[in-house]
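Pasting query_29.csv here (CSV, C-alpha atoms):
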chain,number,residue,atom,x,y,z
A,1,MET,CA,92.4,117.6,102.2
A,2,ALA,CA,91.5,115.0,99.6
A,3,HIS,CA,93.9,116.6,97.2
A,4,ASP,CA,96.7,116.5,99.8
A,5,TRP,CA,96.1,112.7,100.3
A,6,GLN,CA,96.1,112.1,96.5
A,7,ARG,CA,99.5,114.0,96.2
A,8,ASP,CA,100.8,112.0,99.1
A,9,PHE,CA,99.6,108.7,97.7
A,10,GLU,CA,101.2,109.4,94.3
A,11,GLN,CA,104.4,110.4,96.1
A,12,LEU,CA,104.4,107.2,98.1
A,13,VAL,CA,103.9,105.2,94.9
A,14,ASP,CA,106.8,107.0,93.2
A,15,GLU,CA,109.1,106.5,96.2
A,16,HIS,CA,108.3,102.9,97.1
A,17,GLN,CA,107.2,101.2,93.8
A,18,SER,CA,110.7,99.8,93.3
A,19,MET,CA,110.9,98.4,96.8
A,20,VAL,CA,107.5,96.8,96.7
A,21,PHE,CA,108.0,95.4,93.2
A,22,SER,CA,111.5,94.0,94.1
A,23,LEU,CA,110.3,92.3,97.2
A,24,ALA,CA,107.4,90.7,95.4
A,25,LEU,CA,109.7,89.7,92.4
A,26,ARG,CA,112.3,88.1,94.7
A,27,MET,CA,109.7,86.3,96.7
A,28,THR,CA,107.7,85.0,93.7
A,29,GLY,CA,110.2,85.0,90.9
A,30,ASP,CA,107.5,86.0,88.4
A,31,ARG,CA,107.5,89.6,87.0
A,32,GLY,CA,103.7,89.5,86.1
A,33,LEU,CA,102.7,88.2,89.5
A,34,ALA,CA,105.1,90.7,91.2
A,35,GLU,CA,103.5,93.6,89.3
A,36,GLU,CA,100.0,92.3,90.3
A,37,ILE,CA,101.1,92.0,93.9
A,38,ALA,CA,102.6,95.5,93.9
A,39,GLN,CA,99.3,96.9,92.5
A,40,ASP,CA,97.3,95.2,95.2
A,41,VAL,CA,99.6,96.4,97.9
A,42,PHE,CA,99.2,100.0,96.7
A,43,MET,CA,95.5,99.7,96.4
A,44,GLU,CA,95.4,98.5,100.0
A,45,LEU,CA,97.6,101.4,100.9
A,46,ASP,CA,95.0,103.7,99.3
A,47,ARG,CA,92.3,102.1,101.4
A,48,ASN,CA,94.4,102.5,104.6
A,49,MET,CA,95.8,106.0,103.9
A,50,GLY,CA,93.8,107.3,106.9
A,51,ARG,CA,95.8,105.1,109.2
A,52,ILE,CA,99.2,105.9,107.9
A,53,GLU,CA,100.8,108.3,110.3
A,54,SER,CA,104.1,109.2,108.7
A,55,PRO,CA,106.3,108.4,105.6
A,56,LEU,CA,108.3,106.0,107.8
A,57,HIS,CA,105.1,104.2,108.9
A,58,ALA,CA,104.2,104.0,105.2
A,59,LEU,CA,107.6,102.3,104.4
A,60,TYR,CA,107.2,99.7,107.2
A,61,TRP,CA,103.6,99.1,106.3
A,62,LEU,CA,104.4,98.6,102.6
A,63,ARG,CA,107.2,96.2,103.4
A,64,ARG,CA,105.0,94.2,105.7
A,65,VAL,CA,102.0,94.0,103.3
A,66,ALA,CA,104.3,93.3,100.3
A,67,MET,CA,105.8,90.3,102.1
A,68,SER,CA,102.5,89.1,103.3
A,69,ARG,CA,100.8,89.4,99.9
A,70,SER,CA,103.8,87.6,98.3
A,71,ALA,CA,103.5,84.7,100.8
A,72,ASP,CA,99.8,84.5,100.1
A,73,ALA,CA,100.4,84.4,96.3
A,74,LEU,CA,103.0,81.6,96.8
A,75,ARG,CA,100.5,79.6,99.0
A,76,ARG,CA,97.8,80.1,96.4
A,77,ARG,CA,100.1,78.7,93.7
A,78,LYS,CA,101.0,75.7,95.8
A,79,VAL,CA,97.3,75.0,96.4
A,80,ARG,CA,96.7,75.2,92.7
A,81,GLY,CA,99.6,72.6,92.3
A,82,MET,CA,101.8,74.8,90.2
A,83,ASP,CA,105.5,74.1,90.4
A,84,LEU,CA,106.8,77.5,91.3
A,85,TRP,CA,110.4,76.6,91.4
A,86,VAL,CA,110.4,75.1,87.9
A,87,GLU,CA,108.6,78.2,86.7
A,88,MET,CA,111.0,80.5,88.4
A,89,GLU,CA,114.0,78.7,86.9
A,90,GLU,CA,112.4,78.9,83.4
A,91,GLY,CA,111.2,82.5,83.9
A,92,HIS,CA,114.3,83.7,85.4
A,93,GLY,CA,115.9,84.4,82.0
A,94,ALA,CA,113.7,87.4,81.5
A,95,PHE,CA,114.0,88.3,85.2
A,96,VAL,CA,117.8,88.4,85.2
A,97,GLU,CA,118.7,89.3,81.7
A,98,GLN,CA,119.1,93.0,82.6
A,99,ARG,CA,121.6,92.3,85.3
A,100,SER,CA,125.1,93.6,84.7
A,101,SER,CA,126.9,91.0,86.9
A,102,PRO,CA,126.5,87.3,86.1
A,103,LEU,CA,127.4,86.5,89.7
A,104,SER,CA,124.5,88.6,90.9
A,105,SER,CA,122.2,86.9,88.5
A,106,ARG,CA,123.2,83.5,89.7
A,107,LEU,CA,122.8,84.5,93.3
A,108,GLU,CA,119.3,85.7,92.6
A,109,GLN,CA,118.5,82.4,90.9
A,110,LEU,CA,119.9,80.5,93.8
A,111,LEU,CA,117.9,82.6,96.2
A,112,ALA,CA,114.8,81.4,94.4
A,113,THR,CA,115.6,77.8,95.4
A,114,LEU,CA,115.7,78.5,99.1
A,115,PRO,CA,112.6,77.7,101.3
A,116,GLU,CA,110.2,80.6,101.6
A,117,PRO,CA,110.9,81.7,105.2
A,118,GLN,CA,114.7,81.7,104.6
A,119,ARG,CA,114.2,83.6,101.3
A,120,ALA,CA,112.0,86.2,103.0
A,121,ALA,CA,114.5,86.8,105.8
A,122,LEU,CA,117.4,87.1,103.3
A,123,VAL,CA,115.6,89.4,101.0
A,124,LEU,CA,114.7,91.7,103.8
A,125,ARG,CA,118.2,91.5,105.2
A,126,TYR,CA,120.2,92.1,102.0
A,127,GLN,CA,117.7,94.0,99.8
A,128,GLU,CA,116.2,96.2,102.5
A,129,ASP,CA,119.2,96.2,104.8
A,130,LEU,CA,117.0,95.5,107.8
A,131,THR,CA,118.2,94.2,111.2
A,132,PRO,CA,117.0,90.8,112.5
A,133,GLU,CA,114.7,92.7,114.9
A,134,GLU,CA,113.2,94.8,112.1
A,135,ILE,CA,112.8,91.6,110.0
A,136,ALA,CA,111.0,89.9,112.9
A,137,ALA,CA,108.7,92.9,113.2
A,138,THR,CA,108.0,92.9,109.5
A,139,LEU,CA,107.3,89.2,109.2
A,140,GLU,CA,105.6,89.1,112.6
A,141,ALA,CA,107.8,86.2,113.6
A,142,PRO,CA,109.9,85.5,116.8
A,143,LEU,CA,113.4,87.0,116.7
A,144,ALA,CA,115.0,83.7,117.3
A,145,THR,CA,113.2,82.1,114.4
A,146,VAL,CA,114.3,85.0,112.1
A,147,LYS,CA,117.9,84.7,113.2
A,148,SER,CA,117.8,80.9,112.6
A,149,HIS,CA,116.3,81.5,109.1
A,150,LEU,CA,119.0,84.0,108.3
A,151,GLN,CA,121.8,81.7,109.4
A,152,ARG,CA,120.4,78.7,107.7
A,153,GLY,CA,119.5,80.6,104.6
A,154,LEU,CA,122.9,82.2,104.3
A,155,LYS,CA,124.6,78.9,104.9
A,156,LEU,CA,122.5,77.1,102.3
A,157,LEU,CA,122.9,79.9,99.8
A,158,ARG,CA,126.6,80.0,100.3
A,159,ALA,CA,126.8,76.2,99.9
A,160,LYS,CA,124.8,76.3,96.7
A,161,ALA,CA,126.8,79.3,95.4
A,162,ALA,CA,130.1,77.4,96.1
A,163,THR,CA,128.8,74.4,94.0
A,164,ASN,CA,127.0,76.3,91.3
A,165,LEU,CA,129.4,79.2,90.8
A,166,LYS,CA,132.4,77.0,90.5
A,167,GLU,CA,130.6,75.2,87.7
A,168,PHE,CA,129.4,78.5,86.3
A,169,VAL,CA,133.0,79.9,86.2
A,170,ARG,CA,134.3,76.6,84.7
A,171,VAL,CA,131.7,76.6,81.9
A,172,LYS,CA,132.5,80.3,81.1
A,173,GLU,CA,136.2,79.6,81.1
A,174,GLN,CA,135.7,76.6,78.8
A,175,ALA,CA,133.6,78.8,76.5
A,176,ARG,CA,136.5,81.3,76.4
A,177,GLY,CA,138.8,78.5,75.4
A,178,PHE,CA,140.8,78.1,78.5
B,1,MET,CA,124.3,70.4,101.3
B,2,ASP,CA,127.0,71.3,103.8
B,3,SER,CA,129.3,74.3,103.3
B,4,GLU,CA,132.9,74.4,104.4
B,5,PRO,CA,133.6,76.5,107.5
B,6,ILE,CA,134.1,80.1,106.5
B,7,ASP,CA,136.0,82.9,108.2
B,8,ASP,CA,134.6,86.3,108.9
B,9,VAL,CA,136.4,88.0,106.0
B,10,GLU,CA,134.9,85.5,103.6
B,11,ARG,CA,131.5,85.8,105.2
B,12,GLU,CA,131.7,89.6,104.8
B,13,GLN,CA,132.7,89.3,101.2
B,14,PHE,CA,129.8,87.0,100.5
B,15,GLU,CA,127.4,89.4,102.3
B,16,ARG,CA,128.7,92.3,100.2
B,17,GLU,CA,128.0,90.2,97.1
B,18,LEU,CA,124.5,89.5,98.3
B,19,LYS,CA,123.8,93.2,98.9
B,20,LEU,CA,125.0,93.9,95.4
B,21,ALA,CA,122.9,91.1,93.9
B,22,PHE,CA,119.8,92.0,95.9
B,23,GLU,CA,119.7,95.7,95.0
B,24,ARG,CA,116.2,97.0,94.4
B,25,ARG,CA,115.0,96.6,90.9
B,26,PRO,CA,113.3,99.4,89.0
B,27,ALA,CA,109.5,98.8,88.9
B,28,PRO,CA,108.0,98.4,85.4
B,29,PRO,CA,107.1,101.9,84.0
B,30,SER,CA,103.5,100.8,83.6
B,31,LEU,CA,103.1,100.0,87.3
B,32,LYS,CA,102.4,103.6,88.6
B,33,ARG,CA,100.0,104.3,85.7
B,34,LYS,CA,98.1,101.0,86.4
B,35,VAL,CA,97.9,101.8,90.1
B,36,MET,CA,96.6,105.3,89.5
B,37,GLU,CA,94.1,104.1,86.9
B,38,HIS,CA,92.9,101.4,89.1
B,39,ARG,CA,92.6,103.8,92.0
B,40,GLY,CA,90.6,106.2,89.8
B,41,ARG,CA,88.2,103.4,88.8
B,42,GLN,CA,87.8,102.3,92.4
B,43,ARG,CA,87.1,105.9,93.5
B,44,THR,CA,84.5,106.4,90.7
B,45,GLU,CA,82.9,103.1,91.7
B,46,ARG,CA,82.9,104.0,95.4
B,47,LEU,CA,81.4,107.4,94.6
B,48,ARG,CA,78.7,105.7,92.5
B,49,ILE,CA,77.9,103.2,95.3
B,50,ARG,CA,77.8,106.1,97.8
B,51,THR,CA,75.5,108.1,95.5
B,52,VAL,CA,73.2,105.0,95.1
B,53,ILE,CA,73.2,104.5,98.9
B,54,TRP,CA,72.3,108.2,99.5
B,55,GLN,CA,69.6,108.0,96.9
B,56,ARG,CA,68.1,105.0,98.4
B,57,LEU,CA,68.3,106.5,101.9
B,58,ALA,CA,66.6,109.7,100.6
B,59,ALA,CA,63.9,107.6,98.9
B,60,CYS,CA,63.3,105.6,102.2
B,61,LEU,CA,63.1,108.9,104.1
B,62,LEU,CA,60.6,110.3,101.6
B,63,LEU,CA,58.5,107.2,101.7
B,64,ALA,CA,58.6,107.2,105.5
B,65,GLY,CA,57.7,110.9,105.5
B,66,LEU,CA,54.8,110.2,103.2
B,67,LEU,CA,53.5,107.3,105.2
B,68,GLY,CA,53.9,109.2,108.5
B,69,GLY,CA,52.2,112.3,107.0
B,70,GLY,CA,49.3,110.1,105.6
B,71,PHE,CA,48.9,108.5,109.0
B,72,GLU,CA,48.9,111.8,110.8
B,73,TRP,CA,46.4,113.3,108.2
B,74,ARG,CA,44.1,110.3,108.7
B,75,GLN,CA,44.2,110.7,112.5
B,76,ARG,CA,43.4,114.4,112.3
B,77,GLU,CA,40.6,113.8,109.8
B,78,GLU,CA,39.1,111.3,112.1
B,79,GLN,CA,39.4,113.7,115.0
B,80,ARG,CA,37.8,116.4,112.9
B,81,ARG,CA,34.9,114.2,111.9
B,82,GLY,CA,34.4,113.1,115.5
B,83,GLU,CA,34.4,116.7,116.6
B,84,ALA,CA,31.8,117.6,113.9
B,85,ALA,CA,29.6,114.7,114.9
B,86,ARG,CA,29.9,115.7,118.6
B,87,GLN,CA,28.9,119.3,117.6
B,88,GLN,CA,26.0,117.9,115.6
B,89,VAL,CA,24.8,115.8,118.6
B,90,LEU,CA,25.1,118.8,120.9
B,91,SER,CA,23.1,121.0,118.5
B,92,ALA,CA,20.5,118.3,118.2
B,93,LEU,CA,20.4,118.1,122.0
B,94,ARG,CA,20.1,121.9,122.3
B,95,ILE,CA,17.2,121.9,119.8
B,96,THR,CA,15.5,119.0,121.5
B,97,THR,CA,15.9,120.7,124.9
B,98,HIS,CA,14.5,123.9,123.5
B,99,ALA,CA,11.5,122.0,122.0
B,100,LEU,CA,10.9,120.1,125.2
B,101,ASN,CA,11.0,123.4,127.2
B,102,GLN,CA,8.5,124.9,124.8
B,103,VAL,CA,6.2,121.9,125.1
B,104,ARG,CA,6.5,122.0,128.9
B,105,ALA,CA,5.7,125.7,129.0
B,106,GLN,CA,2.7,125.1,126.8
B,107,LEU,CA,1.5,122.3,129.0
B,108,ALA,CA,2.0,124.4,132.1
B,109,GLU,CA,0.0,127.2,130.5
B,110,HIS,CA,-2.7,124.7,129.5
B,111,ASP,CA,-2.9,123.4,133.0
B,112,ARG,CA,-3.2,126.9,134.4
B,113,ASP,CA,-6.1,127.6,132.0
B,114,ARG,CA,-8.0,124.5,133.1
B,115,GLN,CA,-7.7,125.3,136.8
B,116,GLU,CA,-9.0,128.8,136.2

Can the structure in the file be given as structure tokens, please?
Amino acid sequence: MAHDWQRDFEQLVDEHQSMVFSLALRMTGDRGLAEEIAQDVFMELDRNMGRIESPLHALYWLRRVAMSRSADALRRRKVRGMDLWVEMEEGHGAFVEQRSSPLSSRLEQLLATLPEPQRAALVLRYQEDLTPEEIAATLEAPLATVKSHLQRGLKLLRAKAATNLKEFVRVKEQARGF
Amino acid sequence: MDSEPIDDVEREQFERELKLAFERRPAPPSLKRKVMEHRGRQRTERLRIRTVIWQRLAACLLLAGLLGGGFEWRQREEQRRGEAARQQVLSALRITTHALNQVRAQLAEHDRDRQE
């Protein structure tokens, strides 16, 4: 029985490490912190393996706990007085350098500048492809609030993208000698 | 920061861009190893704590058994001594009764001799 659980746990880590890490990374913008959060989330999963009823339950559970731990980490940083956004802007070089598309990288950077609830809703919507109802269940928030965060977040992100990306394209074009 | 009004096509295009930008990132290769190592350490620690708890529990039970046994032995020893003392008193009473009976018989014989 114990061996079965161990095999299941390893399998769950294999299957979901990318999802948990990506959620934590996009919420905190810090690779080291995201890795710590992912470790904590999987350790908590290990302690709660007895309550996990199915692979789908594990997926929802991991999403919920990853978001909750990321929010806790952000709150702890705020309490400690660290300026996360400056840190994210500075640290984003390492975070985005592997990206193939510069547009994607810029969008990720812009995401980091959104307020936390809007960022959480957008990450779950576009990274995890969740419906507003599923996002509301994951974040344990009212559906109307989630819809509002999605709308406002999307609008804000688009507005920022319109300003920043025009500038970005102009700088690139200048660099190419246009 | 207000955005210009956008149509559905533009919105869909932007959402497609977002989905591409927000694809899941591969986790660092060390993550799984760290998780499994941490888990192994936690399990060892939990096992150690469980062993210590069982050892302490066993020691408590042994101590309780020894105390209970000692108390029981003391009770039985006191009972045994009480019984021995009772037997001694009964023996002494039997001897005394026998001696008194003898004395009474001798006195009765002596009285009969004097009357004759």

Smallest atom-to-atom distance to Leu33 (chain A): which of A:His149, A:Arg119, A:Arg76, A:Arg64, using all atoms listed in the file?
->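 Smallest separation from Leu33 (chain A) among the options: A:Arg76.
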
CA of Glu36 (chain A) to CA of Pro102 (chain A), distance in Å rounded to a single decimal =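 If I compute the distance from CA of Glu36 (chain A) to CA of Pro102 (chain A), I get 27.3 Å.
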
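Comparing the minimum interatomic distances between Glu15 (chain A) and each of A:Val146, A:Leu107, A:Ala136, A:Leu59, counting only C-alpha atoms, we find that A:Leu59 sits nearest.
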
Between A:Glu10, A:Glu116, A:Glu53, A:Glu140, which one has atoms that come closest to chain B, using all atoms listed in the file?
-> A:Glu10

Nearest to Glu17 (chain B) by atom-to-atom distance, counting all atoms listed in the file, from A:Ala141, A:Leu103, A:Leu25, A:Ile135 =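 Among the listed residues, the smallest separation from Glu17 (chain B) belongs to A:Leu103.
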
Between CA of Val41 (chain A) and CA of Ala24 (chain A), what is the spacing in Å?
-> 10.0 Å

Between B:Arg48, B:Arg86, B:Arg81, B:Lys32, single out the one closest to chain A, counting only C-alpha atoms.
->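 Looking only at the distances to chain A, the closest residue turns out to be B:Lys32.
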
Within 12 Å of chain A, which residues of chain B are there when counting all atoms listed in the file? Please give them as a short mmCIF file (atom, residue, chain, number, x, y, z; two decimals) with C-alpha atoms, in the frame of the given file.
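Below you can see part-v3.cif, which holds the result:
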data_model
loop_
_atom_site.label_atom_id
_atom_site.label_comp_id
_atom_site.auth_asym_id
_atom_site.auth_seq_id
_atom_site.Cartn_x
_atom_site.Cartn_y
_atom_site.Cartn_z
CA MET B 1 124.30 70.40 101.30
CA ASP B 2 127.00 71.30 103.80
CA SER B 3 129.30 74.30 103.30
CA GLU B 4 132.90 74.40 104.40
CA PRO B 5 133.60 76.50 107.50
CA ILE B 6 134.10 80.10 106.50
CA GLU B 10 134.90 85.50 103.60
CA ARG B 11 131.50 85.80 105.20
CA GLU B 12 131.70 89.60 104.80
CA GLN B 13 132.70 89.30 101.20
CA PHE B 14 129.80 87.00 100.50
CA GLU B 15 127.40 89.40 102.30
CA ARG B 16 128.70 92.30 100.20
CA GLU B 17 128.00 90.20 97.10
CA LEU B 18 124.50 89.50 98.30
CA LYS B 19 123.80 93.20 98.90
CA LEU B 20 125.00 93.90 95.40
CA ALA B 21 122.90 91.10 93.90
CA PHE B 22 119.80 92.00 95.90
CA GLU B 23 119.70 95.70 95.00
CA ARG B 24 116.20 97.00 94.40
CA ARG B 25 115.00 96.60 90.90
CA PRO B 26 113.30 99.40 89.00
CA ALA B 27 109.50 98.80 88.90
CA PRO B 28 108.00 98.40 85.40
CA PRO B 29 107.10 101.90 84.00
CA SER B 30 103.50 100.80 83.60
CA LEU B 31 103.10 100.00 87.30
CA LYS B 32 102.40 103.60 88.60
CA ARG B 33 100.00 104.30 85.70
CA LYS B 34 98.10 101.00 86.40
CA VAL B 35 97.90 101.80 90.10
CA MET B 36 96.60 105.30 89.50
CA GLU B 37 94.10 104.10 86.90
CA HIS B 38 92.90 101.40 89.10
CA ARG B 39 92.60 103.80 92.00
CA GLY B 40 90.60 106.20 89.80
CA ARG B 41 88.20 103.40 88.80
CA GLN B 42 87.80 102.30 92.40
CA ARG B 43 87.10 105.90 93.50
CA ARG B 46 82.90 104.00 95.40
#

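A straight line drawn from CA of Gly29 (chain A) to CA of Ser70 (chain A) is 10.1 Å long.
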
Between A:Arg75, A:Ile52, A:Asn164, A:Ala121, which has the minimum distance to Ala137 (chain A) (counting all atoms listed in the file)?
->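 Nearest candidate to Ala137 (chain A) out of A:Arg75, A:Ile52, A:Asn164, A:Ala121: A:Ala121.
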